[in-house]
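Just final-v8.cif here, mmCIF, C-alpha atoms; chains and numbers go by the auth columns:
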```cif
data_work
#
loop_
_atom_site.group_PDB
_atom_site.id
_atom_site.type_symbol
_atom_site.label_atom_id
_atom_site.label_comp_id
_atom_site.label_asym_id
_atom_site.label_seq_id
_atom_site.Cartn_x
_atom_site.Cartn_y
_atom_site.Cartn_z
_atom_site.B_iso_or_equiv
_atom_site.auth_seq_id
_atom_site.auth_asym_id
ATOM 1 C CA MET A 1 38.980 7.206 -6.733 0.00 1 Z
ATOM 2 C CA SER A 2 38.139 9.439 -3.776 0.00 2 Z
ATOM 3 C CA LYS A 3 35.066 8.611 -1.755 0.00 3 Z
ATOM 4 C CA TYR A 4 33.674 12.109 -2.350 0.00 4 Z
ATOM 5 C CA ARG A 5 33.039 13.614 -5.769 0.00 5 Z
ATOM 6 C CA VAL A 6 32.838 17.180 -7.060 0.00 6 Z
ATOM 7 C CA ALA A 7 30.524 17.557 -10.064 0.00 7 Z
ATOM 8 C CA ALA A 8 29.533 20.358 -12.426 0.00 8 Z
ATOM 9 C CA GLN A 9 25.821 21.146 -12.611 0.00 9 Z
ATOM 10 C CA MET A 10 25.325 21.761 -16.312 0.00 10 Z
ATOM 11 C CA PHE A 11 22.566 24.352 -15.943 0.00 11 Z
ATOM 12 C CA GLY A 12 25.306 26.947 -15.691 0.00 12 Z
ATOM 13 C CA MET A 13 26.498 26.051 -19.210 0.00 13 Z
ATOM 14 C CA ARG A 14 22.996 25.983 -20.737 0.00 14 Z
ATOM 15 C CA ASP A 15 23.890 28.572 -23.378 0.00 15 Z
ATOM 16 C CA PHE A 16 26.603 26.209 -24.635 0.00 16 Z
ATOM 17 C CA THR A 17 24.639 22.937 -24.790 0.00 17 Z
ATOM 18 C CA LYS A 18 21.869 23.615 -27.293 0.00 18 Z
ATOM 19 C CA THR A 19 23.019 21.225 -30.035 0.00 19 Z
ATOM 20 C CA PRO A 20 24.754 17.825 -29.904 0.00 20 Z
ATOM 21 C CA GLU A 21 27.877 19.391 -31.420 0.00 21 Z
ATOM 22 C CA ASP A 22 27.928 22.060 -28.727 0.00 22 Z
ATOM 23 C CA MET A 23 27.353 19.421 -26.068 0.00 23 Z
ATOM 24 C CA VAL A 24 30.493 17.558 -27.103 0.00 24 Z
ATOM 25 C CA LYS A 25 32.577 20.743 -26.966 0.00 25 Z
ATOM 26 C CA THR A 26 31.129 21.800 -23.627 0.00 26 Z
ATOM 27 C CA VAL A 27 31.488 18.451 -21.876 0.00 27 Z
ATOM 28 C CA ARG A 28 35.077 18.398 -23.155 0.00 28 Z
ATOM 29 C CA ARG A 29 35.697 21.847 -21.635 0.00 29 Z
ATOM 30 C CA VAL A 30 34.144 20.704 -18.351 0.00 30 Z
ATOM 31 C CA LYS A 31 36.692 17.883 -18.296 0.00 31 Z
ATOM 32 C CA GLU A 32 39.517 20.256 -19.165 0.00 32 Z
ATOM 33 C CA ILE A 33 38.763 22.579 -16.237 0.00 33 Z
ATOM 34 C CA GLY A 34 38.970 19.661 -13.833 0.00 34 Z
ATOM 35 C CA TYR A 35 35.598 17.962 -13.494 0.00 35 Z
ATOM 36 C CA ASN A 36 35.280 14.203 -13.811 0.00 36 Z
ATOM 37 C CA TYR A 37 31.552 14.263 -12.997 0.00 37 Z
ATOM 38 C CA LEU A 38 28.503 16.236 -14.035 0.00 38 Z
ATOM 39 C CA GLN A 39 24.834 16.581 -13.224 0.00 39 Z
ATOM 40 C CA ILE A 40 22.538 16.598 -16.252 0.00 40 Z
ATOM 41 C CA SER A 41 20.521 19.789 -16.720 0.00 41 Z
ATOM 42 C CA GLY A 42 20.142 22.529 -19.311 0.00 42 Z
ATOM 43 C CA PHE A 43 20.894 20.362 -22.339 0.00 43 Z
ATOM 44 C CA GLY A 44 19.004 20.910 -25.587 0.00 44 Z
ATOM 45 C CA PRO A 45 16.977 18.148 -27.239 0.00 45 Z
ATOM 46 C CA ILE A 46 18.891 14.865 -27.358 0.00 46 Z
ATOM 47 C CA ASP A 47 18.145 11.223 -26.624 0.00 47 Z
ATOM 48 C CA ALA A 48 19.321 10.151 -23.184 0.00 48 Z
ATOM 49 C CA SER A 49 21.470 7.329 -24.572 0.00 49 Z
ATOM 50 C CA GLU A 50 23.163 9.715 -26.996 0.00 50 Z
ATOM 51 C CA LEU A 51 23.991 12.162 -24.236 0.00 51 Z
ATOM 52 C CA LYS A 52 25.460 9.331 -22.207 0.00 52 Z
ATOM 53 C CA LYS A 53 27.659 8.430 -25.190 0.00 53 Z
ATOM 54 C CA ILE A 54 28.929 12.011 -25.353 0.00 54 Z
ATOM 55 C CA CYS A 55 29.791 11.961 -21.645 0.00 55 Z
ATOM 56 C CA ASP A 56 31.491 8.587 -21.986 0.00 56 Z
ATOM 57 C CA GLY A 57 33.463 9.806 -24.977 0.00 57 Z
ATOM 58 C CA GLU A 58 34.810 12.764 -23.035 0.00 58 Z
ATOM 59 C CA GLY A 59 35.480 10.813 -19.847 0.00 59 Z
ATOM 60 C CA VAL A 60 32.919 12.617 -17.682 0.00 60 Z
ATOM 61 C CA LEU A 61 30.507 10.546 -15.592 0.00 61 Z
ATOM 62 C CA PRO A 62 26.884 11.667 -15.015 0.00 62 Z
ATOM 63 C CA ILE A 63 26.021 11.305 -11.325 0.00 63 Z
ATOM 64 C CA GLY A 64 22.468 12.665 -11.375 0.00 64 Z
ATOM 65 C CA ALA A 65 19.935 14.732 -13.281 0.00 65 Z
ATOM 66 C CA HIS A 66 17.483 17.568 -12.822 0.00 66 Z
ATOM 67 C CA ILE A 67 14.146 16.746 -14.456 0.00 67 Z
ATOM 68 C CA GLY A 68 11.184 19.097 -14.209 0.00 68 Z
ATOM 69 C CA LEU A 69 8.012 18.230 -12.345 0.00 69 Z
ATOM 70 C CA PRO A 70 5.876 18.500 -15.528 0.00 70 Z
ATOM 71 C CA LEU A 71 7.688 15.506 -17.050 0.00 71 Z
ATOM 72 C CA PHE A 72 7.230 13.489 -13.857 0.00 72 Z
ATOM 73 C CA ARG A 73 3.529 14.180 -14.188 0.00 73 Z
ATOM 74 C CA GLU A 74 3.252 13.652 -17.923 0.00 74 Z
ATOM 75 C CA ASN A 75 5.445 10.593 -18.401 0.00 75 Z
ATOM 76 C CA GLU A 76 6.874 9.058 -15.249 0.00 76 Z
ATOM 77 C CA LYS A 77 7.951 5.986 -17.199 0.00 77 Z
ATOM 78 C CA LYS A 78 10.145 8.100 -19.486 0.00 78 Z
ATOM 79 C CA VAL A 79 11.834 9.781 -16.534 0.00 79 Z
ATOM 80 C CA ILE A 80 12.741 6.353 -15.191 0.00 80 Z
ATOM 81 C CA GLU A 81 13.915 5.129 -18.600 0.00 81 Z
ATOM 82 C CA ASP A 82 16.063 8.232 -19.143 0.00 82 Z
ATOM 83 C CA CYS A 83 17.677 7.860 -15.730 0.00 83 Z
ATOM 84 C CA HIS A 84 18.624 4.285 -16.537 0.00 84 Z
ATOM 85 C CA ALA A 85 19.958 5.375 -19.941 0.00 85 Z
ATOM 86 C CA TYR A 86 22.099 8.044 -18.266 0.00 86 Z
ATOM 87 C CA GLY A 87 23.368 5.411 -15.835 0.00 87 Z
ATOM 88 C CA ILE A 88 22.434 7.527 -12.812 0.00 88 Z
ATOM 89 C CA LYS A 89 20.860 6.710 -9.458 0.00 89 Z
ATOM 90 C CA TYR A 90 19.699 10.196 -8.455 0.00 90 Z
ATOM 91 C CA VAL A 91 17.071 12.448 -10.014 0.00 91 Z
ATOM 92 C CA ALA A 92 16.022 15.795 -8.560 0.00 92 Z
ATOM 93 C CA ILE A 93 12.913 17.887 -9.015 0.00 93 Z
ATOM 94 C CA PRO A 94 14.678 21.216 -9.526 0.00 94 Z
ATOM 95 C CA TRP A 95 12.057 23.949 -9.278 0.00 95 Z
ATOM 96 C CA LEU A 96 8.408 24.763 -8.639 0.00 96 Z
ATOM 97 C CA PRO A 97 6.153 27.557 -9.885 0.00 97 Z
ATOM 98 C CA ARG A 98 5.778 29.166 -6.453 0.00 98 Z
ATOM 99 C CA ASN A 99 2.483 30.890 -7.224 0.00 99 Z
ATOM 100 C CA ASP A 100 0.785 27.553 -7.907 0.00 100 Z
ATOM 101 C CA TYR A 101 0.973 26.714 -4.202 0.00 101 Z
ATOM 102 C CA LYS A 102 -0.603 29.386 -2.034 0.00 102 Z
ATOM 103 C CA THR A 103 -2.272 27.395 0.723 0.00 103 Z
ATOM 104 C CA LEU A 104 -1.081 24.903 3.284 0.00 104 Z
ATOM 105 C CA ASP A 105 -3.372 22.258 1.785 0.00 105 Z
ATOM 106 C CA SER A 106 -1.840 22.746 -1.679 0.00 106 Z
ATOM 107 C CA TRP A 107 1.630 22.271 -0.234 0.00 107 Z
ATOM 108 C CA LYS A 108 0.580 19.139 1.658 0.00 108 Z
ATOM 109 C CA ALA A 109 -0.854 17.634 -1.524 0.00 109 Z
ATOM 110 C CA LEU A 110 2.438 18.341 -3.289 0.00 110 Z
ATOM 111 C CA PHE A 111 4.453 16.718 -0.503 0.00 111 Z
ATOM 112 C CA GLU A 112 2.328 13.581 -0.864 0.00 112 Z
ATOM 113 C CA GLU A 113 2.911 13.615 -4.626 0.00 113 Z
ATOM 114 C CA PHE A 114 6.679 13.863 -4.123 0.00 114 Z
ATOM 115 C CA GLU A 115 6.702 10.979 -1.682 0.00 115 Z
ATOM 116 C CA GLY A 116 4.775 8.872 -4.195 0.00 116 Z
ATOM 117 C CA TYR A 117 7.483 9.435 -6.799 0.00 117 Z
ATOM 118 C CA ALA A 118 10.182 8.598 -4.258 0.00 118 Z
ATOM 119 C CA GLU A 119 8.469 5.337 -3.305 0.00 119 Z
ATOM 120 C CA ARG A 120 7.894 4.210 -6.895 0.00 120 Z
ATOM 121 C CA PHE A 121 11.329 5.244 -8.149 0.00 121 Z
ATOM 122 C CA GLU A 122 13.017 3.426 -5.275 0.00 122 Z
ATOM 123 C CA LYS A 123 11.606 0.186 -6.706 0.00 123 Z
ATOM 124 C CA GLU A 124 13.511 1.052 -9.907 0.00 124 Z
ATOM 125 C CA GLY A 125 16.788 1.613 -8.063 0.00 125 Z
ATOM 126 C CA LEU A 126 16.460 5.396 -8.206 0.00 126 Z
ATOM 127 C CA THR A 127 16.485 8.075 -5.522 0.00 127 Z
ATOM 128 C CA VAL A 128 14.224 11.112 -5.943 0.00 128 Z
ATOM 129 C CA GLN A 129 15.411 14.402 -4.466 0.00 129 Z
ATOM 130 C CA TYR A 130 14.057 17.921 -4.152 0.00 130 Z
ATOM 131 C CA HIS A 131 16.271 20.914 -4.956 0.00 131 Z
ATOM 132 C CA ASN A 132 15.304 24.026 -3.004 0.00 132 Z
ATOM 133 C CA HIS A 133 15.487 27.705 -3.752 0.00 133 Z
ATOM 134 C CA SER A 134 14.799 30.435 -1.185 0.00 134 Z
ATOM 135 C CA PHE A 135 10.998 30.648 -1.326 0.00 135 Z
ATOM 136 C CA GLU A 136 10.681 27.346 0.560 0.00 136 Z
ATOM 137 C CA PHE A 137 11.836 29.177 3.682 0.00 137 Z
ATOM 138 C CA GLU A 138 8.586 31.083 3.850 0.00 138 Z
ATOM 139 C CA GLN A 139 6.787 30.201 7.070 0.00 139 Z
ATOM 140 C CA PHE A 140 3.251 29.054 7.789 0.00 140 Z
ATOM 141 C CA GLY A 141 1.583 29.307 11.183 0.00 141 Z
ATOM 142 C CA ILE A 142 2.902 32.690 12.347 0.00 142 Z
ATOM 143 C CA LYS A 143 0.789 33.991 15.252 0.00 143 Z
ATOM 144 C CA ASP A 144 1.008 37.516 16.612 0.00 144 Z
ATOM 145 C CA GLY A 145 4.366 37.924 14.888 0.00 145 Z
ATOM 146 C CA ARG A 146 5.900 34.834 16.451 0.00 146 Z
ATOM 147 C CA GLY A 147 6.729 31.296 15.410 0.00 147 Z
ATOM 148 C CA GLY A 148 6.017 29.636 12.106 0.00 148 Z
ATOM 149 C CA VAL A 149 7.314 26.590 10.233 0.00 149 Z
ATOM 150 C CA THR A 150 9.103 26.770 6.901 0.00 150 Z
ATOM 151 C CA ILE A 151 7.779 25.023 3.820 0.00 151 Z
ATOM 152 C CA LEU A 152 11.038 23.072 3.608 0.00 152 Z
ATOM 153 C CA ASP A 153 10.694 21.846 7.187 0.00 153 Z
ATOM 154 C CA MET A 154 7.155 20.709 6.437 0.00 154 Z
ATOM 155 C CA LEU A 155 8.279 18.958 3.257 0.00 155 Z
ATOM 156 C CA TYR A 156 10.830 16.768 4.986 0.00 156 Z
ATOM 157 C CA SER A 157 8.743 16.120 8.091 0.00 157 Z
ATOM 158 C CA SER A 158 5.923 14.945 5.784 0.00 158 Z
ATOM 159 C CA THR A 159 8.080 12.556 3.732 0.00 159 Z
ATOM 160 C CA LYS A 160 10.436 9.658 4.399 0.00 160 Z
ATOM 161 C CA LYS A 161 11.735 8.377 1.069 0.00 161 Z
ATOM 162 C CA LEU A 162 12.291 11.770 -0.567 0.00 162 Z
ATOM 163 C CA GLN A 163 15.872 12.976 -0.256 0.00 163 Z
ATOM 164 C CA ALA A 164 17.096 16.540 0.049 0.00 164 Z
ATOM 165 C CA GLU A 165 19.422 17.998 -2.526 0.00 165 Z
ATOM 166 C CA LEU A 166 20.062 21.065 -0.427 0.00 166 Z
ATOM 167 C CA ASP A 167 21.297 24.096 -2.328 0.00 167 Z
ATOM 168 C CA PHE A 168 23.263 25.934 0.326 0.00 168 Z
ATOM 169 C CA GLY A 169 23.487 29.136 -1.681 0.00 169 Z
ATOM 170 C CA TRP A 170 19.703 29.368 -1.587 0.00 170 Z
ATOM 171 C CA VAL A 171 19.623 28.279 2.066 0.00 171 Z
ATOM 172 C CA ALA A 172 21.822 31.282 2.889 0.00 172 Z
ATOM 173 C CA ARG A 173 19.756 33.557 0.642 0.00 173 Z
ATOM 174 C CA GLY A 174 16.641 32.380 2.517 0.00 174 Z
ATOM 175 C CA GLY A 175 18.198 33.627 5.745 0.00 175 Z
ATOM 176 C CA TYR A 176 19.151 30.270 7.253 0.00 176 Z
ATOM 177 C CA ASN A 177 22.408 28.673 8.361 0.00 177 Z
ATOM 178 C CA PRO A 178 23.730 26.113 5.826 0.00 178 Z
ATOM 179 C CA VAL A 179 25.538 24.154 8.559 0.00 179 Z
ATOM 180 C CA ASN A 180 22.348 23.777 10.578 0.00 180 Z
ATOM 181 C CA TRP A 181 20.449 22.538 7.547 0.00 181 Z
ATOM 182 C CA ALA A 182 23.189 20.062 6.627 0.00 182 Z
ATOM 183 C CA GLU A 183 22.998 18.663 10.143 0.00 183 Z
ATOM 184 C CA LYS A 184 19.205 18.586 10.073 0.00 184 Z
ATOM 185 C CA MET A 185 19.101 16.442 6.910 0.00 185 Z
ATOM 186 C CA LYS A 186 21.540 13.775 8.111 0.00 186 Z
ATOM 187 C CA GLY A 187 20.909 10.498 6.309 0.00 187 Z
ATOM 188 C CA ARG A 188 18.874 12.168 3.545 0.00 188 Z
ATOM 189 C CA LEU A 189 21.623 14.256 1.962 0.00 189 Z
ATOM 190 C CA ASP A 190 23.581 12.111 -0.491 0.00 190 Z
ATOM 191 C CA GLN A 191 24.094 15.013 -2.909 0.00 191 Z
ATOM 192 C CA VAL A 192 24.255 18.776 -2.325 0.00 192 Z
ATOM 193 C CA HIS A 193 24.547 21.971 -4.368 0.00 193 Z
ATOM 194 C CA PHE A 194 27.186 24.599 -3.725 0.00 194 Z
ATOM 195 C CA LYS A 195 26.947 28.188 -4.926 0.00 195 Z
ATOM 196 C CA ASP A 196 28.116 31.392 -3.296 0.00 196 Z
ATOM 197 C CA TRP A 197 26.900 34.987 -2.922 0.00 197 Z
ATOM 198 C CA SER A 198 28.291 38.445 -2.485 0.00 198 Z
ATOM 199 C CA ILE A 199 26.981 41.972 -2.970 0.00 199 Z
ATOM 200 C CA ILE A 200 27.565 43.637 -6.340 0.00 200 Z
ATOM 201 C CA ASP A 201 26.133 47.137 -6.872 0.00 201 Z
ATOM 202 C CA ASP A 202 24.135 46.733 -3.661 0.00 202 Z
ATOM 203 C CA LYS A 203 22.466 43.528 -4.873 0.00 203 Z
ATOM 204 C CA PRO A 204 23.131 39.874 -3.982 0.00 204 Z
ATOM 205 C CA GLU A 205 24.753 38.137 -6.952 0.00 205 Z
ATOM 206 C CA PHE A 206 26.079 34.632 -7.545 0.00 206 Z
ATOM 207 C CA ARG A 207 29.782 34.071 -7.043 0.00 207 Z
ATOM 208 C CA ALA A 208 32.093 31.121 -7.588 0.00 208 Z
ATOM 209 C CA VAL A 209 32.274 28.851 -4.552 0.00 209 Z
ATOM 210 C CA GLY A 210 34.754 30.280 -2.083 0.00 210 Z
ATOM 211 C CA GLU A 211 34.524 33.814 -3.430 0.00 211 Z
ATOM 212 C CA GLY A 212 31.520 34.891 -1.382 0.00 212 Z
ATOM 213 C CA ALA A 213 30.343 34.917 2.214 0.00 213 Z
ATOM 214 C CA ILE A 214 29.555 31.253 3.000 0.00 214 Z
ATOM 215 C CA ASP A 215 31.861 29.330 5.358 0.00 215 Z
ATOM 216 C CA TRP A 216 32.446 26.343 3.069 0.00 216 Z
ATOM 217 C CA PRO A 217 34.886 24.361 5.246 0.00 217 Z
ATOM 218 C CA ALA A 218 32.242 24.325 7.992 0.00 218 Z
ATOM 219 C CA VAL A 219 29.527 23.343 5.502 0.00 219 Z
ATOM 220 C CA ILE A 220 31.671 20.549 4.032 0.00 220 Z
ATOM 221 C CA LYS A 221 32.396 19.186 7.515 0.00 221 Z
ATOM 222 C CA ALA A 222 28.674 19.156 8.337 0.00 222 Z
ATOM 223 C CA CYS A 223 27.807 17.528 5.003 0.00 223 Z
ATOM 224 C CA LEU A 224 30.335 14.738 5.459 0.00 224 Z
ATOM 225 C CA ALA A 225 28.980 14.082 8.945 0.00 225 Z
ATOM 226 C CA SER A 226 25.490 13.842 7.426 0.00 226 Z
ATOM 227 C CA GLY A 227 26.494 11.307 4.773 0.00 227 Z
ATOM 228 C CA THR A 228 26.976 13.469 1.694 0.00 228 Z
ATOM 229 C CA LYS A 229 28.791 11.743 -1.182 0.00 229 Z
ATOM 230 C CA ASP A 230 28.541 14.223 -4.068 0.00 230 Z
ATOM 231 C CA PHE A 231 29.263 17.955 -4.009 0.00 231 Z
ATOM 232 C CA ILE A 232 27.733 19.617 -7.053 0.00 232 Z
ATOM 233 C CA ILE A 233 28.830 23.077 -8.162 0.00 233 Z
ATOM 234 C CA GLU A 234 26.122 25.267 -9.691 0.00 234 Z
ATOM 235 C CA GLN A 235 26.639 28.735 -11.121 0.00 235 Z
ATOM 236 C CA ASP A 236 23.215 30.083 -12.123 0.00 236 Z
ATOM 237 C CA SER A 237 24.696 33.257 -13.584 0.00 237 Z
ATOM 238 C CA CYS A 238 28.137 34.818 -13.755 0.00 238 Z
ATOM 239 C CA VAL A 239 27.845 38.560 -13.219 0.00 239 Z
ATOM 240 C CA VAL A 240 31.407 38.915 -11.940 0.00 240 Z
ATOM 241 C CA THR A 241 33.343 36.798 -14.444 0.00 241 Z
ATOM 242 C CA GLY A 242 30.971 36.896 -17.395 0.00 242 Z
ATOM 243 C CA ASP A 243 32.208 33.369 -18.135 0.00 243 Z
ATOM 244 C CA PRO A 244 30.608 30.247 -16.624 0.00 244 Z
ATOM 245 C CA PHE A 245 33.639 28.115 -17.435 0.00 245 Z
ATOM 246 C CA LEU A 246 35.895 30.443 -15.461 0.00 246 Z
ATOM 247 C CA SER A 247 33.448 30.533 -12.548 0.00 247 Z
ATOM 248 C CA TYR A 248 33.233 26.741 -12.492 0.00 248 Z
ATOM 249 C CA LYS A 249 37.031 26.500 -12.715 0.00 249 Z
ATOM 250 C CA ILE A 250 37.481 28.840 -9.744 0.00 250 Z
ATOM 251 C CA SER A 251 34.901 26.868 -7.776 0.00 251 Z
ATOM 252 C CA ARG A 252 36.658 23.599 -8.524 0.00 252 Z
ATOM 253 C CA GLU A 253 40.056 24.964 -7.511 0.00 253 Z
ATOM 254 C CA ASN A 254 38.670 26.385 -4.276 0.00 254 Z
ATOM 255 C CA MET A 255 36.982 23.085 -3.445 0.00 255 Z
ATOM 256 C CA LYS A 256 40.342 21.350 -3.721 0.00 256 Z
ATOM 257 C CA LYS A 257 41.754 23.875 -1.246 0.00 257 Z
ATOM 258 C CA PHE A 258 38.927 23.183 1.186 0.00 258 Z
ATOM 259 C CA ALA A 259 39.224 19.393 0.843 0.00 259 Z
ATOM 260 C CA PRO A 260 42.246 18.153 -1.161 0.00 260 Z
ATOM 261 C CA ASP A 261 41.007 14.541 -1.255 0.00 261 Z
ATOM 262 C CA PHE A 262 37.895 15.418 -3.272 0.00 262 Z
ATOM 263 C CA ASP A 263 37.859 13.826 -6.728 0.00 263 Z
#
```
So, in terms of C-alpha cells, how does the structure I just supplied come out?
Amino acid sequence: MSKYRVAAQMFGMRDFTKTPEDMVKTVRRVKEIGYNYLQISGFGPIDASELKKICDGEGVLPIGAHIGLPLFRENEKKVIEDCHAYGIKYVAIPWLPRNDYKTLDSWKALFEEFEGYAERFEKEGLTVQYHNHSFEFEQFGIKDGRGGVTILDMLYSSTKKLQAELDFGWVARGGYNPVNWAEKMKGRLDQVHFKDWSIIDDKPEFRAVGEGAIDWPAVIKACLASGTKDFIIEQDSCVVTGDPFLSYKISRENMKKFAPDFD
C-alpha cells in the first residue's frame, strides 16, 4: 500500500446515502470509481458498527469522520464510541454557525473548547481536527485600514493539540494561498481536503480537483513536506457535471496524474 491515501469525502454523495440499502450501493460505486478509502459524512441514520460493516463488505476503509459540534457538546462519549466503532483515528468538527461568534471573546472561548476536546480525545487514541470554510479568514484587529489577524490564525496559535484539516478550496476562496497555509500548518496537517473552483456564469462554483484554478502539484508538494498522509476529495456540489460520482471520478483520475504513487 502507498504511504499516501486518496479518500472520498461522503458529504458529496449525501443524496445517495439516506438508507442502509442506498449506503451499500453508494459505497460500492465509490469503490468502482477508484477509491479505497472514505471519510464518513452525510450518511442517514445508521449505527456506527453497521456502517463499518457496509464499508468492510465493499472493501472501502474509513479513515476519518466529520461529526458536528452539537454532538460533541451533547454526548462526547458517543462521539468517541462511534469513532472506535468506525475504526478511525481522526474526527473533524466540520462547520460552525458563523453568526454565533461575533466577538473576539466568543471566538477565544470556542478555541479553548476545541482544545479541550483535542486533549480528552487524545487520551482515547483519537485526533480532533477543525475543517475550515472561508469565513475563518475574516480578520480581527484592523486599524486605520491596515493589519489584522485571521480567525484561523488565532485558532491555531491558541491551540496545540487540535489539528488542522485544511480545506484548500475554501482557503483559496478566502483569498489566501493554499501552499502558504500548507507550509504554515506543518506537523498539524495529517489530513487535508481538496476541492477546486472556477467561474460559471460569473459566479465561483465547485469543480472536480484539477479542473479549476488551484495549482495542485504545488499544494501536494507542500502538504507532503508538512506531513500530510491523507488527501480527501470533497465535492460540495456539482454544477458542471450534475453528477457527484463523475466529479469524484475525475478528481481521482487527476490526482493520479499529479502523484501516480497515491493509493
- Message: Given the PyMOL selection byres ((chain Z and resi 158) around 12) and the file above, list the residues it selects as a list in words.
- Response: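 Answer for the PyMOL selection byres ((chain Z and resi 158) around 12): Trp107, Lys108, Ala109, Leu110, Phe111, Glu112, Glu113, Phe114, Glu115, Gly116, Ile151, Leu152, Asp153, Met154, Leu155, Tyr156, Ser157, Thr159, Lys160, Lys161, Leu162 and Gln163 of chain Z.
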Selected residues written out, C-alpha atoms, as a PDB file, in the frame of the given file:
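And here's result04.pdb as it stands now:
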```pdb
ATOM      1  CA  TRP Z 107       1.630  22.271  -0.234  1.00  0.00           C
ATOM      2  CA  LYS Z 108       0.580  19.139   1.658  1.00  0.00           C
ATOM      3  CA  ALA Z 109      -0.854  17.634  -1.524  1.00  0.00           C
ATOM      4  CA  LEU Z 110       2.438  18.341  -3.289  1.00  0.00           C
ATOM      5  CA  PHE Z 111       4.453  16.718  -0.503  1.00  0.00           C
ATOM      6  CA  GLU Z 112       2.328  13.581  -0.864  1.00  0.00           C
ATOM      7  CA  GLU Z 113       2.911  13.615  -4.626  1.00  0.00           C
ATOM      8  CA  PHE Z 114       6.679  13.863  -4.123  1.00  0.00           C
ATOM      9  CA  GLU Z 115       6.702  10.979  -1.682  1.00  0.00           C
ATOM     10  CA  GLY Z 116       4.775   8.872  -4.195  1.00  0.00           C
ATOM     11  CA  ILE Z 151       7.779  25.023   3.820  1.00  0.00           C
ATOM     12  CA  LEU Z 152      11.038  23.072   3.608  1.00  0.00           C
ATOM     13  CA  ASP Z 153      10.694  21.846   7.187  1.00  0.00           C
ATOM     14  CA  MET Z 154       7.155  20.709   6.437  1.00  0.00           C
ATOM     15  CA  LEU Z 155       8.279  18.958   3.257  1.00  0.00           C
ATOM     16  CA  TYR Z 156      10.830  16.768   4.986  1.00  0.00           C
ATOM     17  CA  SER Z 157       8.743  16.120   8.091  1.00  0.00           C
ATOM     18  CA  THR Z 159       8.080  12.556   3.732  1.00  0.00           C
ATOM     19  CA  LYS Z 160      10.436   9.658   4.399  1.00  0.00           C
ATOM     20  CA  LYS Z 161      11.735   8.377   1.069  1.00  0.00           C
ATOM     21  CA  LEU Z 162      12.291  11.770  -0.567  1.00  0.00           C
ATOM     22  CA  GLN Z 163      15.872  12.976  -0.256  1.00  0.00           C
TER      23      GLN Z 163
END
```
For segment 254-261 of chain Z, list every protein, DNA or RNA residue within 6 Å, evaluated using only C-alpha atoms, and leave out those in the same chain fewer than 3 positions away; present the list as a CSV table (one decimal) with C-alpha atoms, in the frame of the given file.
```csv
chain,number,residue,atom,x,y,z
Z,210,GLY,CA,34.8,30.3,-2.1
Z,217,PRO,CA,34.9,24.4,5.2
Z,251,SER,CA,34.9,26.9,-7.8
```
- Note on the structure: Of Z:Phe168, Z:Phe16, Z:Phe262, Z:Tyr248, the one sitting nearest Ser41 of chain Z when using all atoms listed in the file is Z:Phe16
- Query: Taking into account only C-alpha atoms, which residue in the set Z:Glu58, Z:Phe137, Z:Glu253, Z:Glu76 is nearest to Ala118 of chain Z?
  - Reply: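 When distances to Ala118 of chain Z are compared using only C-alpha atoms, the smallest one comes from Z:Glu76.
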- Chain and number of each residue from the PyMOL selection byres ((chain Z and resi 174) around 10), as a PyMOL selection string: chain Z and resi 133-138+168-173+175-177
- Message: I'd like the interatomic distance between atom CA of Asn180 of chain Z and atom CA of Ala65 of chain Z, to a tenth of an Å.
- Response: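 These atoms are spaced 25.6 Å apart.
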- Note on the structure: In Å and to one decimal, atom CA of Ser247 of chain Z is distant from atom CA of Ala208 of chain Z by 5.2 Å
- Item | Residues matched by the PyMOL selection byres ((chain Z and resi 89) around 6) as a ChimeraX atom specification | /Z:88,90,126
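Closest to Ile250 of chain Z among Z:Pro62, Z:Gly68, Z:Gly227, Z:Gly212 is Z:Gly212, based on all atoms listed in the file.
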- Taking all atoms listed in the file into account, which of Z:Asp82, Z:Arg120, Z:Leu69, Z:Ile232 comes nearest Asn36 of chain Z? Z:Ile232
- Query: Between Z:Lys78, Z:Arg146, Z:Arg98, Z:His193, which has the minimum distance to Gln39 of chain Z (counting all atoms listed in the file)?
  - Reply: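 That would be Z:His193, the residue with the smallest distance to Gln39 of chain Z.
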- Query: Counting all atoms listed in the file, which residues come within 12 Å of (24.1, 19.0, -31.0), with the point read in the file's coordinates, and could you list them as number ranges by chain?
  - Reply: Z: 16-27, 43-47, 50-51, 54
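Here atom CA of Ser49 of chain Z and atom CA of Tyr86 of chain Z stand 6.4 Å from one another.
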- Item | Nearest to Val239 of chain Z by atom-to-atom distance, counting all atoms listed in the file, from Z:Ile200, Z:Ile80, Z:Val91, Z:Ile67 |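 For Val239 of chain Z, the nearest of the candidates is Z:Ile200.
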